[in-house]
>>> print(open('data_18.cif').read())   # mmCIF, C-alpha atoms and all ligand atoms; chains and numbers go by the auth columns
data_data
#
loop_
_atom_site.group_PDB
_atom_site.id
_atom_site.type_symbol
_atom_site.label_atom_id
_atom_site.label_comp_id
_atom_site.label_asym_id
_atom_site.label_seq_id
_atom_site.Cartn_x
_atom_site.Cartn_y
_atom_site.Cartn_z
_atom_site.B_iso_or_equiv
_atom_site.auth_seq_id
_atom_site.auth_asym_id
ATOM 1 C CA MET A 1 -70.433 -29.027 30.648 0.00 1 A
ATOM 2 C CA SER A 2 -70.234 -27.322 27.315 0.00 2 A
ATOM 3 C CA VAL A 3 -69.337 -23.875 26.178 0.00 3 A
ATOM 4 C CA PHE A 4 -71.694 -22.311 23.690 0.00 4 A
ATOM 5 C CA ARG A 5 -70.492 -22.626 20.150 0.00 5 A
ATOM 6 C CA GLY A 6 -72.495 -21.399 17.231 0.00 6 A
ATOM 7 C CA ASP A 7 -71.632 -21.345 13.575 0.00 7 A
ATOM 8 C CA TRP A 8 -69.836 -18.411 12.106 0.00 8 A
ATOM 9 C CA PRO A 9 -70.495 -15.503 12.506 0.00 9 A
ATOM 10 C CA PHE A 10 -71.829 -16.357 15.932 0.00 10 A
ATOM 11 C CA SER A 11 -68.821 -18.290 17.163 0.00 11 A
ATOM 12 C CA ARG A 12 -65.915 -16.643 18.923 0.00 12 A
ATOM 13 C CA SER A 13 -64.102 -16.364 15.631 0.00 13 A
ATOM 14 C CA ALA A 14 -66.190 -13.228 15.233 0.00 14 A
ATOM 15 C CA GLY A 15 -63.853 -11.758 17.817 0.00 15 A
ATOM 16 C CA VAL A 16 -65.766 -12.351 21.035 0.00 16 A
ATOM 17 C CA ALA A 17 -63.406 -12.712 23.936 0.00 17 A
ATOM 18 C CA MET A 18 -63.424 -15.759 26.149 0.00 18 A
ATOM 19 C CA PHE A 19 -63.024 -14.828 29.744 0.00 19 A
ATOM 20 C CA ILE A 20 -62.309 -17.670 32.142 0.00 20 A
ATOM 21 C CA GLU A 21 -63.906 -16.698 35.414 0.00 21 A
ATOM 22 C CA ILE A 22 -62.612 -17.930 38.709 0.00 22 A
ATOM 23 C CA HIS A 23 -66.190 -17.736 39.941 0.00 23 A
ATOM 24 C CA GLU A 24 -67.301 -20.317 37.383 0.00 24 A
ATOM 25 C CA LEU A 25 -64.298 -22.560 37.972 0.00 25 A
ATOM 26 C CA GLU A 26 -65.319 -22.807 41.600 0.00 26 A
ATOM 27 C CA PHE A 27 -68.261 -24.877 40.405 0.00 27 A
ATOM 28 C CA HIS A 28 -66.745 -26.901 37.602 0.00 28 A
ATOM 29 C CA PRO A 29 -63.879 -27.022 35.149 0.00 29 A
ATOM 30 C CA VAL A 30 -64.447 -25.194 31.872 0.00 30 A
ATOM 31 C CA ASP A 31 -63.657 -26.972 28.635 0.00 31 A
ATOM 32 C CA PHE A 32 -62.961 -24.877 25.603 0.00 32 A
ATOM 33 C CA ASP A 33 -62.770 -25.571 21.901 0.00 33 A
ATOM 34 C CA GLU A 34 -62.355 -22.355 19.973 0.00 34 A
ATOM 35 C CA GLN A 35 -61.349 -20.866 16.658 0.00 35 A
ATOM 36 C CA PHE A 36 -59.821 -17.418 16.332 0.00 36 A
ATOM 37 C CA ARG A 37 -59.625 -15.787 12.951 0.00 37 A
ATOM 38 C CA PRO A 38 -56.475 -13.910 11.962 0.00 38 A
ATOM 39 C CA GLY A 39 -56.536 -10.567 13.724 0.00 39 A
ATOM 40 C CA ALA A 40 -58.803 -11.702 16.568 0.00 40 A
ATOM 41 C CA ILE A 41 -55.727 -12.011 18.773 0.00 41 A
ATOM 42 C CA ASP A 42 -53.179 -9.235 18.503 0.00 42 A
ATOM 43 C CA LEU A 43 -49.906 -11.010 17.763 0.00 43 A
ATOM 44 C CA GLY A 44 -47.801 -7.983 16.929 0.00 44 A
ATOM 45 C CA THR A 45 -46.226 -7.234 13.575 0.00 45 A
ATOM 46 C CA ASP A 46 -43.242 -9.604 13.304 0.00 46 A
ATOM 47 C CA PHE A 47 -45.331 -12.206 11.497 0.00 47 A
ATOM 48 C CA ARG A 48 -48.787 -12.681 10.087 0.00 48 A
ATOM 49 C CA GLN A 49 -51.365 -15.233 11.167 0.00 49 A
ATOM 50 C CA VAL A 50 -52.676 -16.761 7.937 0.00 50 A
ATOM 51 C CA SER A 51 -55.195 -19.348 9.120 0.00 51 A
ATOM 52 C CA ASP A 52 -57.632 -19.722 11.974 0.00 52 A
ATOM 53 C CA LEU A 53 -56.079 -20.470 15.325 0.00 53 A
ATOM 54 C CA HIS A 54 -57.658 -23.536 16.809 0.00 54 A
ATOM 55 C CA THR A 55 -57.369 -24.300 20.482 0.00 55 A
ATOM 56 C CA ASP A 56 -58.959 -26.776 22.817 0.00 56 A
ATOM 57 C CA GLY A 57 -58.363 -27.690 26.381 0.00 57 A
ATOM 58 C CA ARG A 58 -59.552 -27.221 29.906 0.00 58 A
ATOM 59 C CA ALA A 59 -59.398 -24.607 32.611 0.00 59 A
ATOM 60 C CA GLN A 60 -59.764 -25.646 36.212 0.00 60 A
ATOM 61 C CA LEU A 61 -59.356 -24.328 39.683 0.00 61 A
ATOM 62 C CA VAL A 62 -56.358 -25.430 41.724 0.00 62 A
ATOM 63 C CA GLU A 63 -56.402 -24.472 45.377 0.00 63 A
ATOM 64 C CA GLU A 64 -53.121 -23.971 47.116 0.00 64 A
ATOM 65 C CA HIS A 65 -52.944 -23.975 50.856 0.00 65 A
ATOM 66 C CA HIS A 66 -50.491 -21.520 52.269 0.00 66 A
ATOM 67 C CA GLY A 67 -50.165 -22.093 55.953 0.00 67 A
ATOM 68 C CA LYS A 68 -53.271 -23.039 57.873 0.00 68 A
ATOM 69 C CA HIS A 69 -55.668 -20.351 56.851 0.00 69 A
ATOM 70 C CA GLN A 70 -54.683 -18.988 53.523 0.00 70 A
ATOM 71 C CA LYS A 71 -56.093 -20.536 50.416 0.00 71 A
ATOM 72 C CA ILE A 72 -54.914 -19.353 47.038 0.00 72 A
ATOM 73 C CA LYS A 73 -57.000 -19.919 43.951 0.00 73 A
ATOM 74 C CA ASP A 74 -54.943 -20.734 40.912 0.00 74 A
ATOM 75 C CA ILE A 75 -56.154 -21.346 37.404 0.00 75 A
ATOM 76 C CA ARG A 76 -54.660 -24.296 35.625 0.00 76 A
ATOM 77 C CA LEU A 77 -54.970 -24.057 31.881 0.00 77 A
ATOM 78 C CA ASN A 78 -53.986 -26.952 29.718 0.00 78 A
ATOM 79 C CA GLY A 79 -54.597 -27.789 26.110 0.00 79 A
ATOM 80 C CA LYS A 80 -53.150 -27.281 22.692 0.00 80 A
ATOM 81 C CA LEU A 81 -53.193 -24.764 19.909 0.00 81 A
ATOM 82 C CA GLY A 82 -52.441 -24.762 16.219 0.00 82 A
ATOM 83 C CA THR A 83 -52.335 -22.130 13.533 0.00 83 A
ATOM 84 C CA ARG A 84 -50.281 -21.095 10.512 0.00 84 A
ATOM 85 C CA ILE A 85 -48.182 -18.011 10.273 0.00 85 A
ATOM 86 C CA GLU A 86 -46.239 -16.269 7.578 0.00 86 A
ATOM 87 C CA LEU A 87 -42.884 -14.621 8.163 0.00 87 A
ATOM 88 C CA PRO A 88 -40.046 -13.490 5.916 0.00 88 A
ATOM 89 C CA CYS A 89 -37.275 -15.925 4.988 0.00 89 A
ATOM 90 C CA ALA A 90 -34.207 -14.945 7.007 0.00 90 A
ATOM 91 C CA ARG A 91 -32.071 -15.154 3.845 0.00 91 A
ATOM 92 C CA CYS A 92 -34.143 -13.980 0.895 0.00 92 A
ATOM 93 C CA LEU A 93 -37.086 -12.218 2.616 0.00 93 A
ATOM 94 C CA GLU A 94 -39.696 -14.120 0.594 0.00 94 A
ATOM 95 C CA PRO A 95 -42.719 -15.069 2.720 0.00 95 A
ATOM 96 C CA VAL A 96 -42.537 -18.459 4.415 0.00 96 A
ATOM 97 C CA VAL A 97 -45.619 -20.145 5.823 0.00 97 A
ATOM 98 C CA GLN A 98 -45.100 -22.277 8.900 0.00 98 A
ATOM 99 C CA ASP A 99 -47.297 -24.455 11.047 0.00 99 A
ATOM 100 C CA VAL A 100 -47.314 -23.429 14.661 0.00 100 A
ATOM 101 C CA LYS A 101 -48.365 -26.046 17.174 0.00 101 A
ATOM 102 C CA ARG A 102 -47.996 -26.063 20.900 0.00 102 A
ATOM 103 C CA GLU A 103 -49.243 -27.946 23.897 0.00 103 A
ATOM 104 C CA PHE A 104 -49.467 -26.037 27.106 0.00 104 A
ATOM 105 C CA ASP A 105 -49.989 -26.724 30.778 0.00 105 A
ATOM 106 C CA LEU A 106 -49.959 -23.447 32.631 0.00 106 A
ATOM 107 C CA LEU A 107 -50.659 -22.296 36.108 0.00 107 A
ATOM 108 C CA TYR A 108 -51.921 -18.798 36.715 0.00 108 A
ATOM 109 C CA ARG A 109 -51.799 -17.478 40.231 0.00 109 A
ATOM 110 C CA PRO A 110 -53.517 -14.385 41.508 0.00 110 A
ATOM 111 C CA LEU A 111 -51.308 -11.361 41.021 0.00 111 A
ATOM 112 C CA GLY A 112 -49.574 -10.593 44.312 0.00 112 A
ATOM 113 C CA ALA A 113 -49.942 -14.119 45.704 0.00 113 A
ATOM 114 C CA ASP A 114 -46.200 -14.614 45.636 0.00 114 A
ATOM 115 C CA ALA A 115 -45.289 -11.264 47.142 0.00 115 A
ATOM 116 C CA GLY A 116 -42.570 -11.748 49.725 0.00 116 A
ATOM 117 C CA ARG A 117 -42.634 -15.477 49.300 0.00 117 A
ATOM 118 C CA GLU A 118 -39.440 -17.358 48.652 0.00 118 A
ATOM 119 C CA GLU A 119 -40.842 -20.788 48.248 0.00 119 A
ATOM 120 C CA LEU A 120 -43.494 -21.756 45.816 0.00 120 A
ATOM 121 C CA SER A 121 -45.640 -24.681 46.759 0.00 121 A
ATOM 122 C CA VAL A 122 -46.093 -25.487 43.104 0.00 122 A
ATOM 123 C CA THR A 123 -44.880 -28.881 42.027 0.00 123 A
ATOM 124 C CA SER A 124 -41.990 -28.979 39.614 0.00 124 A
ATOM 125 C CA ALA A 125 -44.186 -30.508 36.914 0.00 125 A
ATOM 126 C CA GLU A 126 -46.023 -27.235 36.680 0.00 126 A
ATOM 127 C CA ALA A 127 -43.125 -25.245 35.437 0.00 127 A
ATOM 128 C CA GLU A 128 -44.885 -22.470 33.636 0.00 128 A
ATOM 129 C CA VAL A 129 -46.407 -20.032 36.051 0.00 129 A
ATOM 130 C CA GLY A 130 -48.158 -16.825 35.141 0.00 130 A
ATOM 131 C CA TYR A 131 -50.435 -14.425 36.945 0.00 131 A
ATOM 132 C CA TYR A 132 -54.019 -13.367 36.573 0.00 132 A
ATOM 133 C CA ARG A 133 -55.511 -10.146 37.796 0.00 133 A
ATOM 134 C CA GLY A 134 -58.927 -9.708 39.307 0.00 134 A
ATOM 135 C CA GLU A 135 -61.706 -12.149 38.506 0.00 135 A
ATOM 136 C CA GLY A 136 -60.029 -14.356 35.981 0.00 136 A
ATOM 137 C CA LEU A 137 -58.101 -14.802 32.826 0.00 137 A
ATOM 138 C CA LEU A 138 -58.690 -13.888 29.219 0.00 138 A
ATOM 139 C CA LEU A 139 -58.025 -16.995 27.149 0.00 139 A
ATOM 140 C CA GLU A 140 -56.706 -14.806 24.325 0.00 140 A
ATOM 141 C CA ASP A 141 -53.969 -13.420 26.570 0.00 141 A
ATOM 142 C CA ALA A 142 -52.705 -16.894 27.376 0.00 142 A
ATOM 143 C CA LEU A 143 -52.872 -17.902 23.715 0.00 143 A
ATOM 144 C CA ARG A 144 -50.990 -14.816 22.570 0.00 144 A
ATOM 145 C CA GLU A 145 -48.134 -15.695 24.886 0.00 145 A
ATOM 146 C CA GLN A 146 -48.104 -19.320 23.771 0.00 146 A
ATOM 147 C CA VAL A 147 -48.112 -18.438 20.079 0.00 147 A
ATOM 148 C CA LEU A 148 -45.236 -16.011 20.576 0.00 148 A
ATOM 149 C CA LEU A 149 -43.280 -18.756 22.344 0.00 149 A
ATOM 150 C CA ALA A 150 -44.008 -21.233 19.556 0.00 150 A
ATOM 151 C CA VAL A 151 -43.093 -19.019 16.611 0.00 151 A
ATOM 152 C CA PRO A 152 -39.554 -19.647 15.410 0.00 152 A
ATOM 153 C CA LEU A 153 -37.217 -16.672 15.603 0.00 153 A
ATOM 154 C CA LYS A 154 -35.980 -17.428 12.130 0.00 154 A
ATOM 155 C CA ALA A 155 -37.381 -19.261 9.178 0.00 155 A
ATOM 156 C CA ILE A 156 -35.862 -20.105 5.845 0.00 156 A
ATOM 157 C CA CYS A 157 -37.906 -20.819 2.725 0.00 157 A
ATOM 158 C CA ARG A 158 -35.850 -23.915 1.924 0.00 158 A
ATOM 159 C CA GLU A 159 -32.634 -25.513 3.133 0.00 159 A
ATOM 160 C CA ASP A 160 -30.644 -24.415 0.105 0.00 160 A
ATOM 161 C CA CYS A 161 -32.033 -20.890 -0.113 0.00 161 A
ATOM 162 C CA LYS A 162 -29.289 -18.820 -1.710 0.00 162 A
ATOM 163 C CA GLY A 163 -30.503 -15.570 -0.186 0.00 163 A
ATOM 164 C CA LEU A 164 -29.972 -12.089 -1.516 0.00 164 A
ATOM 165 C CA CYS A 165 -26.781 -10.924 -3.124 0.00 165 A
ATOM 166 C CA PRO A 166 -25.121 -8.724 -0.482 0.00 166 A
ATOM 167 C CA HIS A 167 -23.918 -6.360 -3.196 0.00 167 A
ATOM 168 C CA CYS A 168 -26.854 -5.768 -5.524 0.00 168 A
ATOM 169 C CA GLY A 169 -29.724 -7.316 -3.543 0.00 169 A
ATOM 170 C CA VAL A 170 -31.126 -9.632 -6.213 0.00 170 A
ATOM 171 C CA ASN A 171 -32.777 -12.810 -5.021 0.00 171 A
ATOM 172 C CA LEU A 172 -30.210 -15.434 -5.989 0.00 172 A
ATOM 173 C CA ASN A 173 -32.893 -18.146 -6.019 0.00 173 A
ATOM 174 C CA HIS A 174 -34.456 -16.506 -9.053 0.00 174 A
ATOM 175 C CA GLU A 175 -31.620 -14.885 -10.908 0.00 175 A
ATOM 176 C CA GLN A 176 -27.897 -14.776 -11.146 0.00 176 A
ATOM 177 C CA CYS A 177 -26.193 -11.433 -10.858 0.00 177 A
ATOM 178 C CA SER A 178 -22.769 -10.543 -12.129 0.00 178 A
ATOM 179 C CA CYS A 179 -21.324 -9.425 -8.788 0.00 179 A
ATOM 180 C CA GLU A 180 -18.104 -11.134 -7.756 0.00 180 A
ATOM 181 C CA GLU A 181 -18.624 -13.311 -4.700 0.00 181 A
ATOM 182 C CA PRO A 182 -15.187 -13.999 -3.295 0.00 182 A
ATOM 183 C CA ALA A 183 -16.313 -15.228 0.131 0.00 183 A
ATOM 184 C CA ASP A 184 -16.394 -18.897 -0.845 0.00 184 A
ATOM 185 C CA ASP A 185 -12.889 -18.931 -2.277 0.00 185 A
ATOM 186 C CA PRO A 186 -10.421 -20.067 0.428 0.00 186 A
ATOM 187 C CA ARG A 187 -7.663 -17.880 -1.004 0.00 187 A
ATOM 188 C CA TRP A 188 -9.857 -14.836 -0.577 0.00 188 A
ATOM 189 C CA SER A 189 -10.865 -15.721 2.969 0.00 189 A
ATOM 190 C CA ALA A 190 -7.186 -16.211 3.880 0.00 190 A
ATOM 191 C CA LEU A 191 -6.491 -12.759 2.502 0.00 191 A
ATOM 192 C CA LYS A 192 -9.440 -11.357 4.364 0.00 192 A
ATOM 193 C CA ASP A 193 -8.150 -12.852 7.642 0.00 193 A
ATOM 194 C CA ILE A 194 -4.820 -11.118 7.122 0.00 194 A
ATOM 195 C CA ARG A 195 -6.530 -7.868 6.272 0.00 195 A
ATOM 196 C CA ASP A 196 -8.707 -8.129 9.387 0.00 196 A
ATOM 197 C CA LYS A 197 -5.632 -8.702 11.533 0.00 197 A
ATOM 198 C CA LEU A 198 -3.861 -5.706 10.064 0.00 198 A
ATOM 199 C CA GLN A 199 -6.839 -3.529 10.831 0.00 199 A
ATOM 200 C CA HIS A 200 -6.901 -4.424 14.534 0.00 200 A
HETATM 201 ZN ZN ZN B . -35.254 -17.832 1.213 0.00 301 A
HETATM 202 ZN ZN ZN B . -25.232 -9.073 -7.002 0.00 302 A
#
>>> encode(input="data_18.cif", output="structure tokens", more="lines below")
Ligand SMILES: [Zn+2]
Ligand SMILES: [Zn+2]
Amino acid sequence: MSVFRGDWPFSRSAGVAMFIEIHELEFHPVDFDEQFRPGAIDLGTDFRQVSDLHTDGRAQLVEEHHGKHQKIKDIRLNGKLGTRIELPCARCLEPVVQDVKREFDLLYRPLGADAGREELSVTSAEAEVGYYRGEGLLLEDALREQVLLAVPLKAICREDCKGLCPHCGVNLNHEQCSCEEPADDPRWSALKDIRDKLQH
């Protein structure tokens, strides 16, 4: 089984969505191996995707039996993704490029399948459970979620980044300003503690 892949601009990197249909999974698993150019998946504005997102893996149908007569069709999606993103250094605000990699093994259940149900018959190995609506799942939606989970909340450009001067705002990695910086002097911090106590 293979999914059509042409060369750019005919591949999905041109922005064509990949919809994983439950109807197709009923016949066979669907393997995917896709590239998404920056912008093809809306990742919000907190960071910038700076290289193609590559993903490969497999989607397959998992049938859950609820009671004697009810069969629930879940989509299991497993694979990996990798891309590079750029976000501002938490100290100096210069752009930092980071590799983002993630393996995923997800189970999507039909929306509403769990309504009123206390117990899930999902094994504990399949910890990550999501929901799909209607006839299937848009691969991009799953990837968006996985990228957002993989992106660090904070990045620093280097371990010893000196950051911005809190007084004048210069980038202390590039230049030295003439502001006094008393915070590192223990005598000053002792004084500051006393002052803080007096104020409360
Ligand atoms: Zn920095
Ligand atoms: Zn300064």
>>> atom_distance(input="data_18.cif", atom1="atom CA of Ala150 of chain A", atom2="atom CA of Gly112 of chain A")
27.5 Å
>>> residues_near_ligand(input="data_18.cif", ligand="ligand ZN 301 (chain A)", cutoff="12 Å", atoms="only C-alpha atoms and all ligand atoms", output="list in words")
Leu87, Pro88, Cys89, Ala90, Arg91, Cys92, Leu93, Glu94, Pro95, Val96, Val97, Lys154, Ala155, Ile156, Cys157, Arg158, Glu159, Asp160, Cys161, Lys162, Gly163, Leu164, Cys165, Val170, Asn171, Leu172, Asn173 and His174 of chain A
>>> atom_distance(input="data_18.cif", atom1="atom CA of Leu53 of chain A", atom2="atom CA of Ile85 of chain A")
9.7 Å
>>> closest_residue(input="data_18.cif", among="A:Asp74, A:Asp196, A:Glu103, A:Glu175", to="Ile20 of chain A", atoms="only C-alpha atoms")
A:Asp74
>>> resolve_selection(input="data_18.cif", expression="the PyMOL selection byres (((not hetatm)) within 7 of (chain A and resi 302))", output="list of chain:residue names")
A:Cys165, A:Pro166, A:His167, A:Cys168, A:Gly169, A:Val170, A:Cys177, A:Ser178, A:Cys179
>>> resolve_selection(input="data_18.cif", expression="the PyMOL selection byres (((chain A and resi 110) around 8) and not hetatm)", output="count of residues only")
12
>>> closest_residue(input="data_18.cif", among="A:His23, A:Val100, A:Ala17, A:Leu81", to="Glu135 of chain A", atoms="all atoms listed in the file")
A:His23
>>> closest_residue(input="data_18.cif", among="A:Asp42, A:Glu24, A:Asp52, A:Glu86", to="Asp141 of chain A", atoms="all atoms listed in the file")
A:Asp42
>>> build_atoms(input="data_18.cif", residues="segment 131-167 of chain A", atoms="N, CA and C atoms", output="JSON list (two decimals), keeping the file's coordinate frame")
[["chain", "number", "residue", "atom", "x", "y", "z"],
["A", 131, "TYR", "N", -49.58, -15.07, 35.95],
["A", 131, "TYR", "CA", -50.44, -14.42, 36.94],
["A", 131, "TYR", "C", -51.72, -13.92, 36.31],
["A", 132, "TYR", "N", -52.79, -13.99, 37.05],
["A", 132, "TYR", "CA", -54.02, -13.37, 36.57],
["A", 132, "TYR", "C", -54.39, -12.26, 37.54],
["A", 133, "ARG", "N", -55.15, -11.32, 37.02],
["A", 133, "ARG", "CA", -55.51, -10.15, 37.80],
["A", 133, "ARG", "C", -57.02, -10.13, 37.94],
["A", 134, "GLY", "N", -57.49, -9.87, 39.13],
["A", 134, "GLY", "CA", -58.93, -9.71, 39.31],
["A", 134, "GLY", "C", -59.69, -11.02, 39.26],
["A", 135, "GLU", "N", -60.74, -11.05, 38.45],
["A", 135, "GLU", "CA", -61.71, -12.15, 38.51],
["A", 135, "GLU", "C", -61.39, -13.33, 37.61],
["A", 136, "GLY", "N", -60.33, -13.22, 36.85],
["A", 136, "GLY", "CA", -60.03, -14.36, 35.98],
["A", 136, "GLY", "C", -59.03, -14.03, 34.90],
["A", 137, "LEU", "N", -59.14, -14.79, 33.84],
["A", 137, "LEU", "CA", -58.10, -14.80, 32.83],
["A", 137, "LEU", "C", -58.75, -14.78, 31.44],
["A", 138, "LEU", "N", -58.22, -13.92, 30.59],
["A", 138, "LEU", "CA", -58.69, -13.89, 29.22],
["A", 138, "LEU", "C", -57.93, -14.96, 28.43],
["A", 139, "LEU", "N", -58.67, -15.90, 27.89],
["A", 139, "LEU", "CA", -58.02, -17.00, 27.15],
["A", 139, "LEU", "C", -57.08, -16.46, 26.07],
["A", 140, "GLU", "N", -57.52, -15.40, 25.39],
["A", 140, "GLU", "CA", -56.71, -14.81, 24.32],
["A", 140, "GLU", "C", -55.33, -14.38, 24.81],
["A", 141, "ASP", "N", -55.26, -13.88, 26.04],
["A", 141, "ASP", "CA", -53.97, -13.42, 26.57],
["A", 141, "ASP", "C", -53.01, -14.59, 26.73],
["A", 142, "ALA", "N", -53.54, -15.71, 27.22],
["A", 142, "ALA", "CA", -52.70, -16.89, 27.38],
["A", 142, "ALA", "C", -52.27, -17.41, 26.01],
["A", 143, "LEU", "N", -53.19, -17.39, 25.05],
["A", 143, "LEU", "CA", -52.87, -17.90, 23.72],
["A", 143, "LEU", "C", -51.82, -17.04, 23.03],
["A", 144, "ARG", "N", -51.96, -15.72, 23.19],
["A", 144, "ARG", "CA", -50.99, -14.82, 22.57],
["A", 144, "ARG", "C", -49.58, -15.19, 23.01],
["A", 145, "GLU", "N", -49.43, -15.37, 24.33],
["A", 145, "GLU", "CA", -48.13, -15.70, 24.89],
["A", 145, "GLU", "C", -47.62, -17.03, 24.34],
["A", 146, "GLN", "N", -48.51, -18.00, 24.24],
["A", 146, "GLN", "CA", -48.10, -19.32, 23.77],
["A", 146, "GLN", "C", -47.74, -19.31, 22.30],
["A", 147, "VAL", "N", -48.46, -18.53, 21.50],
["A", 147, "VAL", "CA", -48.11, -18.44, 20.08],
["A", 147, "VAL", "C", -46.74, -17.79, 19.93],
["A", 148, "LEU", "N", -46.52, -16.72, 20.68],
["A", 148, "LEU", "CA", -45.24, -16.01, 20.58],
["A", 148, "LEU", "C", -44.08, -16.93, 20.97],
["A", 149, "LEU", "N", -44.33, -17.81, 21.94],
["A", 149, "LEU", "CA", -43.28, -18.76, 22.34],
["A", 149, "LEU", "C", -43.06, -19.84, 21.29],
["A", 150, "ALA", "N", -44.10, -20.13, 20.52],
["A", 150, "ALA", "CA", -44.01, -21.23, 19.56],
["A", 150, "ALA", "C", -43.47, -20.79, 18.20],
["A", 151, "VAL", "N", -43.54, -19.50, 17.92],
["A", 151, "VAL", "CA", -43.09, -19.02, 16.61],
["A", 151, "VAL", "C", -41.57, -19.05, 16.55],
["A", 152, "PRO", "N", -41.02, -19.62, 15.51],
["A", 152, "PRO", "CA", -39.55, -19.65, 15.41],
["A", 152, "PRO", "C", -39.01, -18.24, 15.22],
["A", 153, "LEU", "N", -37.83, -17.99, 15.76],
["A", 153, "LEU", "CA", -37.22, -16.67, 15.60],
["A", 153, "LEU", "C", -36.82, -16.43, 14.15],
["A", 154, "LYS", "N", -36.48, -17.53, 13.49],
["A", 154, "LYS", "CA", -35.98, -17.43, 12.13],
["A", 154, "LYS", "C", -36.60, -18.53, 11.30],
["A", 155, "ALA", "N", -36.91, -18.21, 10.07],
["A", 155, "ALA", "CA", -37.38, -19.26, 9.18],
["A", 155, "ALA", "C", -36.63, -19.12, 7.87],
["A", 156, "ILE", "N", -36.40, -20.22, 7.20],
["A", 156, "ILE", "CA", -35.86, -20.10, 5.84],
["A", 156, "ILE", "C", -36.81, -20.83, 4.90],
["A", 157, "CYS", "N", -36.91, -20.30, 3.67],
["A", 157, "CYS", "CA", -37.91, -20.82, 2.72],
["A", 157, "CYS", "C", -37.56, -22.23, 2.30],
["A", 158, "ARG", "N", -36.29, -22.55, 2.20],
["A", 158, "ARG", "CA", -35.85, -23.92, 1.92],
["A", 158, "ARG", "C", -34.39, -24.03, 2.34],
["A", 159, "GLU", "N", -33.98, -25.27, 2.60],
["A", 159, "GLU", "CA", -32.63, -25.51, 3.13],
["A", 159, "GLU", "C", -31.55, -24.85, 2.30],
["A", 160, "ASP", "N", -31.72, -24.91, 0.97],
["A", 160, "ASP", "CA", -30.64, -24.42, 0.10],
["A", 160, "ASP", "C", -30.95, -23.01, -0.43],
["A", 161, "CYS", "N", -31.74, -22.27, 0.31],
["A", 161, "CYS", "CA", -32.03, -20.89, -0.11],
["A", 161, "CYS", "C", -30.71, -20.14, -0.27],
["A", 162, "LYS", "N", -30.57, -19.51, -1.44],
["A", 162, "LYS", "CA", -29.29, -18.82, -1.71],
["A", 162, "LYS", "C", -29.28, -17.40, -1.17],
["A", 163, "GLY", "N", -30.44, -16.90, -0.79],
["A", 163, "GLY", "CA", -30.50, -15.57, -0.19],
["A", 163, "GLY", "C", -30.36, -14.45, -1.19],
["A", 164, "LEU", "N", -30.13, -13.27, -0.67],
["A", 164, "LEU", "CA", -29.97, -12.09, -1.52],
["A", 164, "LEU", "C", -28.49, -11.83, -1.74],
["A", 165, "CYS", "N", -28.16, -11.33, -2.90],
["A", 165, "CYS", "CA", -26.78, -10.92, -3.12],
["A", 165, "CYS", "C", -26.47, -9.74, -2.21],
["A", 166, "PRO", "N", -25.42, -9.82, -1.42],
["A", 166, "PRO", "CA", -25.12, -8.72, -0.48],
["A", 166, "PRO", "C", -24.71, -7.44, -1.20],
["A", 167, "HIS", "N", -24.38, -7.56, -2.47],
["A", 167, "HIS", "CA", -23.92, -6.36, -3.20],
["A", 167, "HIS", "C", -25.05, -5.66, -3.93]]
